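This is start_13.cif (mmCIF, C-alpha atoms).
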data_entry
loop_
_atom_site.group_PDB
_atom_site.id
_atom_site.type_symbol
_atom_site.label_atom_id
_atom_site.label_comp_id
_atom_site.auth_asym_id
_atom_site.auth_seq_id
_atom_site.Cartn_x
_atom_site.Cartn_y
_atom_site.Cartn_z
ATOM 1 C CA MET C 16 12.629 -25.873 -44.829
ATOM 2 C CA THR C 17 10.078 -24.800 -47.411
ATOM 3 C CA LEU C 18 7.543 -22.001 -47.451
ATOM 4 C CA ASP C 19 3.878 -22.444 -48.364
ATOM 5 C CA TYR C 20 3.688 -21.960 -52.142
ATOM 6 C CA THR C 21 -0.115 -22.405 -52.106
ATOM 7 C CA ASN C 22 -0.624 -19.536 -49.665
ATOM 8 C CA SER C 23 -1.880 -16.210 -51.022
ATOM 9 C CA ILE C 24 0.751 -14.442 -48.905
ATOM 10 C CA PRO C 25 3.787 -13.657 -51.117
ATOM 11 C CA LEU C 26 6.894 -15.765 -50.517
ATOM 12 C CA HIS C 27 9.033 -12.771 -49.581
ATOM 13 C CA VAL C 28 6.529 -11.823 -46.869
ATOM 14 C CA GLN C 29 6.474 -15.406 -45.536
ATOM 15 C CA LEU C 30 10.266 -15.433 -45.462
ATOM 16 C CA LYS C 31 10.371 -12.071 -43.707
ATOM 17 C CA VAL C 32 8.093 -13.455 -40.975
ATOM 18 C CA GLU C 33 10.256 -16.562 -40.602
ATOM 19 C CA LEU C 34 13.432 -14.517 -40.291
ATOM 20 C CA GLU C 35 11.781 -12.219 -37.735
ATOM 21 C CA LYS C 36 10.766 -15.211 -35.614
ATOM 22 C CA LYS C 37 14.315 -16.545 -35.588
ATOM 23 C CA ILE C 38 15.697 -13.125 -34.679
ATOM 24 C CA TYR C 39 13.151 -12.603 -31.866
ATOM 25 C CA ASN C 40 13.708 -16.118 -30.505
ATOM 26 C CA GLY C 41 17.477 -15.630 -30.427
ATOM 27 C CA LEU C 42 18.293 -18.244 -33.073
ATOM 28 C CA TYR C 43 20.281 -15.602 -34.932
ATOM 29 C CA LYS C 44 22.617 -13.676 -32.687
ATOM 30 C CA ASP C 45 24.750 -11.027 -34.414
ATOM 31 C CA LYS C 46 24.025 -11.689 -38.091
ATOM 32 C CA ILE C 47 21.757 -13.711 -40.359
ATOM 33 C CA PRO C 48 22.868 -16.359 -42.895
ATOM 34 C CA SER C 49 24.064 -15.317 -46.334
ATOM 35 C CA GLU C 50 21.702 -14.939 -49.279
ATOM 36 C CA ARG C 51 22.901 -18.265 -50.713
ATOM 37 C CA GLU C 52 22.337 -20.065 -47.414
ATOM 38 C CA LEU C 53 18.794 -18.672 -47.149
ATOM 39 C CA MET C 54 18.063 -19.612 -50.767
ATOM 40 C CA ASP C 55 19.155 -23.197 -50.082
ATOM 41 C CA GLU C 56 17.321 -23.432 -46.750
ATOM 42 C CA TYR C 57 13.962 -22.074 -47.966
ATOM 43 C CA TYR C 58 14.107 -23.093 -51.651
ATOM 44 C CA VAL C 59 13.484 -19.570 -52.916
ATOM 45 C CA SER C 60 15.108 -17.267 -55.437
ATOM 46 C CA ARG C 61 17.716 -14.626 -54.687
ATOM 47 C CA SER C 62 15.203 -11.869 -55.467
ATOM 48 C CA THR C 63 12.788 -13.280 -52.839
ATOM 49 C CA VAL C 64 15.563 -13.331 -50.233
ATOM 50 C CA ARG C 65 16.614 -9.786 -51.080
ATOM 51 C CA GLN C 66 13.033 -8.491 -50.862
ATOM 52 C CA SER C 67 12.665 -9.997 -47.391
ATOM 53 C CA ILE C 68 15.988 -8.644 -46.184
ATOM 54 C CA ASN C 69 15.381 -5.190 -47.632
ATOM 55 C CA GLN C 70 12.073 -4.980 -45.771
ATOM 56 C CA LEU C 71 13.742 -5.985 -42.493
ATOM 57 C CA VAL C 72 16.412 -3.368 -43.117
ATOM 58 C CA SER C 73 13.684 -0.804 -43.760
ATOM 59 C CA ASP C 74 11.991 -1.812 -40.485
ATOM 60 C CA GLY C 75 15.234 -1.206 -38.602
ATOM 61 C CA ILE C 76 15.645 -4.867 -37.617
ATOM 62 C CA LEU C 77 18.629 -5.580 -39.876
ATOM 63 C CA ILE C 78 21.539 -3.529 -41.150
ATOM 64 C CA LYS C 79 23.734 -4.322 -44.157
ATOM 65 C CA LYS C 80 27.510 -3.995 -43.864
ATOM 66 C CA PRO C 81 29.132 -4.233 -47.316
ATOM 67 C CA GLY C 82 31.657 -7.027 -47.514
ATOM 68 C CA LYS C 83 30.725 -8.357 -44.066
ATOM 69 C CA GLY C 84 27.103 -9.483 -44.214
ATOM 70 C CA THR C 85 23.700 -8.535 -42.836
ATOM 71 C CA PHE C 86 23.602 -7.929 -39.100
ATOM 72 C CA ILE C 87 20.848 -7.671 -36.505
ATOM 73 C CA ALA C 88 20.305 -4.065 -35.499
ATOM 74 C CA LEU C 89 17.084 -3.917 -33.495
ATOM 75 C CA LYS C 90 15.765 -0.391 -33.165
ATOM 76 C CA PRO C 91 15.588 0.759 -29.524
ATOM 77 C CA ILE C 92 12.505 2.427 -28.146
ATOM 78 C CA ASN C 93 13.038 6.089 -27.240
ATOM 79 C CA ASP C 94 10.904 7.336 -24.368
ATOM 80 C CA TRP C 95 10.986 11.120 -24.124
ATOM 81 C CA LEU C 96 11.006 12.136 -20.465
ATOM 82 C CA GLY C 97 9.141 15.370 -21.012
ATOM 83 C CA SER C 98 5.720 13.788 -21.491
ATOM 84 C CA LEU C 99 3.529 11.368 -19.559
ATOM 85 C CA SER C 100 2.971 8.620 -22.123
ATOM 86 C CA SER C 101 2.063 4.969 -21.907
ATOM 87 C CA THR C 102 4.463 2.343 -23.231
ATOM 88 C CA SER C 103 2.017 1.642 -26.072
ATOM 89 C CA GLU C 104 2.028 5.300 -27.113
ATOM 90 C CA VAL C 105 5.827 5.418 -27.086
ATOM 91 C CA ILE C 106 6.091 2.270 -29.217
ATOM 92 C CA GLU C 107 3.507 3.546 -31.684
ATOM 93 C CA ARG C 108 5.385 6.837 -32.087
ATOM 94 C CA MET C 109 8.398 4.784 -33.125
ATOM 95 C CA GLY C 110 6.324 3.200 -35.904
ATOM 96 C CA MET C 111 6.195 -0.191 -34.207
ATOM 97 C CA GLN C 112 3.313 -2.394 -33.063
ATOM 98 C CA PRO C 113 2.812 -2.530 -29.272
ATOM 99 C CA GLY C 114 1.758 -5.696 -27.479
ATOM 100 C CA ALA C 115 1.336 -7.068 -23.973
ATOM 101 C CA LYS C 116 0.953 -10.361 -22.133
ATOM 102 C CA LEU C 117 -0.583 -10.438 -18.668
ATOM 103 C CA ILE C 118 1.475 -12.629 -16.330
ATOM 104 C CA LYS C 119 -0.139 -11.922 -12.977
ATOM 105 C CA ALA C 120 -3.072 -10.065 -11.399
ATOM 106 C CA GLU C 121 -3.430 -10.169 -7.625
ATOM 107 C CA ILE C 122 -4.165 -8.268 -4.440
ATOM 108 C CA LYS C 123 -1.110 -8.056 -2.208
ATOM 109 C CA THR C 124 0.432 -6.211 0.710
ATOM 110 C CA VAL C 125 3.380 -4.004 -0.223
ATOM 111 C CA ASN C 126 6.574 -3.575 1.764
ATOM 112 C CA LYS C 127 7.108 -0.689 4.163
ATOM 113 C CA GLU C 128 9.234 1.364 1.735
ATOM 114 C CA LEU C 129 6.636 1.300 -1.041
ATOM 115 C CA SER C 130 3.784 1.803 1.416
ATOM 116 C CA GLU C 131 5.382 5.030 2.616
ATOM 117 C CA ARG C 132 5.791 6.233 -0.993
ATOM 118 C CA ILE C 133 2.222 5.605 -2.108
ATOM 119 C CA GLY C 134 0.354 6.001 1.176
ATOM 120 C CA ILE C 135 -1.458 2.635 1.230
ATOM 121 C CA ASN C 136 -0.584 -0.894 2.403
ATOM 122 C CA GLU C 137 -2.677 -3.105 0.138
ATOM 123 C CA ILE C 138 -2.720 -2.760 -3.628
ATOM 124 C CA TYR C 139 -3.854 -4.506 -6.786
ATOM 125 C CA HIS C 140 -0.755 -5.718 -8.642
ATOM 126 C CA PHE C 141 -0.529 -6.433 -12.378
ATOM 127 C CA LYS C 142 2.552 -7.868 -14.073
ATOM 128 C CA ARG C 143 2.860 -7.731 -17.863
ATOM 129 C CA VAL C 144 5.494 -8.417 -20.514
ATOM 130 C CA ARG C 145 5.568 -5.609 -23.078
ATOM 131 C CA TYR C 146 6.356 -6.149 -26.761
ATOM 132 C CA ALA C 147 7.354 -4.025 -29.758
ATOM 133 C CA ASN C 148 6.834 -5.787 -33.097
ATOM 134 C CA ASN C 149 6.549 -9.052 -31.109
ATOM 135 C CA ILE C 150 9.940 -8.478 -29.449
ATOM 136 C CA PRO C 151 9.803 -8.676 -25.633
ATOM 137 C CA ILE C 152 11.296 -5.361 -24.504
ATOM 138 C CA GLY C 153 10.285 -5.050 -20.881
ATOM 139 C CA ILE C 154 8.423 -6.255 -17.828
ATOM 140 C CA GLU C 155 6.089 -3.817 -16.110
ATOM 141 C CA ARG C 156 4.619 -4.160 -12.630
ATOM 142 C CA HIS C 157 1.657 -1.850 -11.996
ATOM 143 C CA TYR C 158 0.319 -1.148 -8.503
ATOM 144 C CA TYR C 159 -3.135 0.417 -8.086
ATOM 145 C CA PRO C 160 -5.541 1.183 -5.254
ATOM 146 C CA ILE C 161 -7.693 -1.925 -4.872
ATOM 147 C CA HIS C 162 -10.880 -0.220 -6.066
ATOM 148 C CA PHE C 163 -9.123 0.651 -9.363
ATOM 149 C CA GLY C 164 -7.646 -2.815 -9.758
ATOM 150 C CA GLU C 165 -10.969 -4.552 -9.220
ATOM 151 C CA LYS C 166 -12.324 -2.663 -12.236
ATOM 152 C CA LEU C 167 -9.225 -2.931 -14.440
ATOM 153 C CA VAL C 168 -9.005 -6.711 -14.047
ATOM 154 C CA ASN C 169 -12.298 -7.080 -15.938
ATOM 155 C CA TYR C 170 -10.761 -5.839 -19.203
ATOM 156 C CA ASP C 171 -8.520 -7.641 -21.704
ATOM 157 C CA LEU C 172 -5.160 -6.477 -20.394
ATOM 158 C CA ASN C 173 -3.326 -8.236 -23.224
ATOM 159 C CA LYS C 174 -4.751 -5.565 -25.524
ATOM 160 C CA GLU C 175 -5.764 -2.556 -23.454
ATOM 161 C CA ALA C 176 -3.422 0.212 -22.276
ATOM 162 C CA PHE C 177 -3.826 1.029 -18.584
ATOM 163 C CA TYR C 178 -3.805 4.789 -19.179
ATOM 164 C CA ASP C 179 -6.578 4.479 -21.741
ATOM 165 C CA LEU C 180 -8.697 2.445 -19.325
ATOM 166 C CA LEU C 181 -8.105 4.874 -16.471
ATOM 167 C CA GLU C 182 -9.204 7.827 -18.558
ATOM 168 C CA ARG C 183 -11.896 6.231 -20.714
ATOM 169 C CA GLU C 184 -13.550 3.747 -18.370
ATOM 170 C CA LEU C 185 -12.700 4.881 -14.842
ATOM 171 C CA GLY C 186 -12.849 8.636 -15.387
ATOM 172 C CA VAL C 187 -9.385 9.159 -13.869
ATOM 173 C CA ASN C 188 -7.083 11.814 -15.295
ATOM 174 C CA PRO C 189 -3.402 11.220 -14.393
ATOM 175 C CA PHE C 190 -1.893 14.619 -13.753
ATOM 176 C CA GLU C 191 1.539 14.486 -12.105
ATOM 177 C CA CYS C 192 4.320 11.973 -12.543
ATOM 178 C CA GLU C 193 7.468 11.406 -10.519
ATOM 179 C CA GLN C 194 9.940 9.114 -12.251
ATOM 180 C CA PHE C 195 13.315 7.617 -11.393
ATOM 181 C CA ILE C 196 15.572 5.707 -13.796
ATOM 182 C CA LYS C 197 18.577 3.604 -12.868
ATOM 183 C CA ALA C 198 20.637 0.649 -14.051
ATOM 184 C CA GLY C 199 20.337 -2.788 -12.519
ATOM 185 C CA LYS C 200 20.309 -6.552 -13.017
ATOM 186 C CA ILE C 201 17.408 -8.820 -13.891
ATOM 187 C CA ASN C 202 16.534 -12.057 -12.108
ATOM 188 C CA LYS C 203 16.464 -15.466 -13.768
ATOM 189 C CA SER C 204 12.694 -15.828 -14.200
ATOM 190 C CA ASP C 205 12.228 -12.340 -15.676
ATOM 191 C CA ALA C 206 15.260 -12.813 -17.941
ATOM 192 C CA LYS C 207 13.548 -15.871 -19.406
ATOM 193 C CA LEU C 208 10.446 -13.800 -20.203
ATOM 194 C CA LEU C 209 12.617 -11.270 -22.073
ATOM 195 C CA ASN C 210 14.765 -13.879 -23.861
ATOM 196 C CA ILE C 211 17.966 -12.468 -22.350
ATOM 197 C CA GLU C 212 20.701 -13.922 -20.165
ATOM 198 C CA PRO C 213 20.197 -14.016 -16.365
ATOM 199 C CA ASP C 214 21.904 -11.131 -14.557
ATOM 200 C CA SER C 215 21.829 -9.046 -17.760
ATOM 201 C CA SER C 216 22.081 -5.297 -17.285
ATOM 202 C CA ILE C 217 18.712 -3.572 -17.637
ATOM 203 C CA LEU C 218 17.072 -0.188 -17.197
ATOM 204 C CA ILE C 219 14.820 0.125 -14.169
ATOM 205 C CA ALA C 220 12.125 2.805 -14.231
ATOM 206 C CA GLU C 221 10.008 3.700 -11.208
ATOM 207 C CA ARG C 222 7.011 5.938 -11.815
ATOM 208 C CA LYS C 223 4.463 7.332 -9.360
ATOM 209 C CA ILE C 224 1.346 9.005 -10.778
ATOM 210 C CA THR C 225 -1.183 11.152 -8.956
ATOM 211 C CA ASP C 226 -4.359 12.800 -10.198
ATOM 212 C CA ILE C 227 -5.268 16.481 -10.295
ATOM 213 C CA ASN C 228 -6.192 16.294 -6.585
ATOM 214 C CA ASN C 229 -2.810 14.764 -5.725
ATOM 215 C CA GLU C 230 -4.473 11.418 -4.976
ATOM 216 C CA PHE C 231 -2.422 8.283 -5.661
ATOM 217 C CA VAL C 232 -3.321 6.628 -8.984
ATOM 218 C CA GLU C 233 -0.527 4.247 -9.914
ATOM 219 C CA PHE C 234 2.972 3.108 -9.073
ATOM 220 C CA GLU C 235 4.895 1.373 -11.843
ATOM 221 C CA LEU C 236 8.108 -0.606 -11.529
ATOM 222 C CA ALA C 237 9.422 -1.502 -14.978
ATOM 223 C CA TYR C 238 12.438 -3.430 -16.226
ATOM 224 C CA TYR C 239 13.496 -2.702 -19.801
ATOM 225 C CA ARG C 240 16.100 -4.367 -21.997
ATOM 226 C CA SER C 241 18.981 -1.920 -22.294
ATOM 227 C CA ASP C 242 19.530 -2.933 -25.932
ATOM 228 C CA MET C 243 15.932 -2.118 -26.816
ATOM 229 C CA TYR C 244 14.889 0.818 -24.682
ATOM 230 C CA SER C 245 16.379 4.255 -24.111
ATOM 231 C CA PHE C 246 15.222 7.485 -22.506
ATOM 232 C CA LYS C 247 15.646 10.910 -24.031
ATOM 233 C CA ILE C 248 15.248 14.395 -22.563
ATOM 234 C CA ASN C 249 15.745 17.792 -24.165
ATOM 235 C CA LEU C 250 17.773 20.273 -22.107
ATOM 236 C CA SER C 251 18.834 23.856 -22.551
ATOM 237 C CA ARG C 252 21.287 26.170 -20.803
ATOM 238 C CA LYS C 253 20.069 29.722 -20.392
ATOM 239 C CA GLY C 254 22.392 32.675 -19.946
ATOM 240 C CA LEU C 255 22.559 34.292 -16.528
#

This structure in structure tokens:
Amino acid sequence: MTLDYTNSIPLHVQLKVELEKKIYNGLYKDKIPSERELMDEYYVSRSTVRQSINQLVSDGILIKKPGKGTFIALKPINDWLGSLSSTSEVIERMGMQPGAKLIKAEIKTVNKELSERIGINEIYHFKRVRYANNIPIGIERHYYPIHFGEKLVNYDLNKEAFYDLLERELGVNPFECEQFIKAGKINKSDAKLLNIEPDSSILIAERKITDINNEFVEFELAYYRSDMYSFKINLSRKGL
């Protein structure tokens, strides 16, 4: 495979992009090919290969192990539990580029358990795949009162953050958040969206948000790859 020598984009940048694609698509599992193998495959010099690899190491995607090779070491997303932040804000704080793909937008009736938690029977449901540096890291299901959903669906939800739209366009100020986190398994169709094996272990986060008047704003059910997403909380023990 050859790179585009007529392109104004430097060869080491082109190679970096190609390697990232193969990593994200699962073509490389634990480690990438050797420098010599990459030189032969892409018809580039050793210095070009090393520049590409060094940048991926700097980005936290690869890690070098002397005498063993260069291994994939994707940087997990750390979501601090002490603040109410959107997924996009969390990803940006980690120095990565957030992204989203809308899978579904519909009005539906919720089950009895969820209805009792949020106080309504019919909701507007949005399902999105969330990305960090083009890596699929999670699937988020958002449930809103229908009058919110009917407004939100008019925006480009592949680019916009829900929290930003609620505050900027709908004049809603999320105030309180109740969140639960647990381990679980992912189903076959969602596993395919995340490029992971069916029945893989995942993190499940449930979040209910109300406004300053304690009115229901949003319920979120999210499934995150356990190798890409972690939660952090700062604790302290005070003397009696």

Q) So what does the PyMOL selection byres ((chain C and resi 26-43) around 7) actually pick up in this one, as number ranges by chain? A) C: 18, 24-25, 44-47, 63-64, 66-67, 150

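Between Ile76 (chain C) and the residues C:Asn149, C:Glu137, C:Ser49, C:Glu233, the shortest atom-to-atom distance, using all atoms listed in the file, involves C:Asn149.
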
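Coordinates place CA of Gln112 (chain C) at a distance of 27.1 Å from CA of Ser62 (chain C).
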
Using the file's own x, y and z axes, what box holds all listed atoms of region 151-160 of chain C with 6 Å on each side, keeping edges along x, y and z, and what are its centre and edge lengths in Å to one decimal, as JSON?
{"center_x": 2.9, "center_y": -3.7, "center_z": -15.4, "size_x": 28.8, "size_y": 21.9, "size_z": 32.4}

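Nearest residue to Met54 (chain C) among C:Asn169, C:Gln70, C:Asn228, C:Thr17 is C:Thr17, counting all atoms listed in the file.
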
Q: Excluding Ala237 (chain C) and residues on its chain fewer than 2 positions from it, collect all residues at most 7 Å away from it, counting only C-alpha atoms, and give them as a PyMOL selection string.
A: chain C and resi 153-156+219-221+235+239

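The closest residue to His157 (chain C), picked from C:Val232, C:Ser216, C:Lys127, C:Ser245 and counting only C-alpha atoms, is C:Val232.
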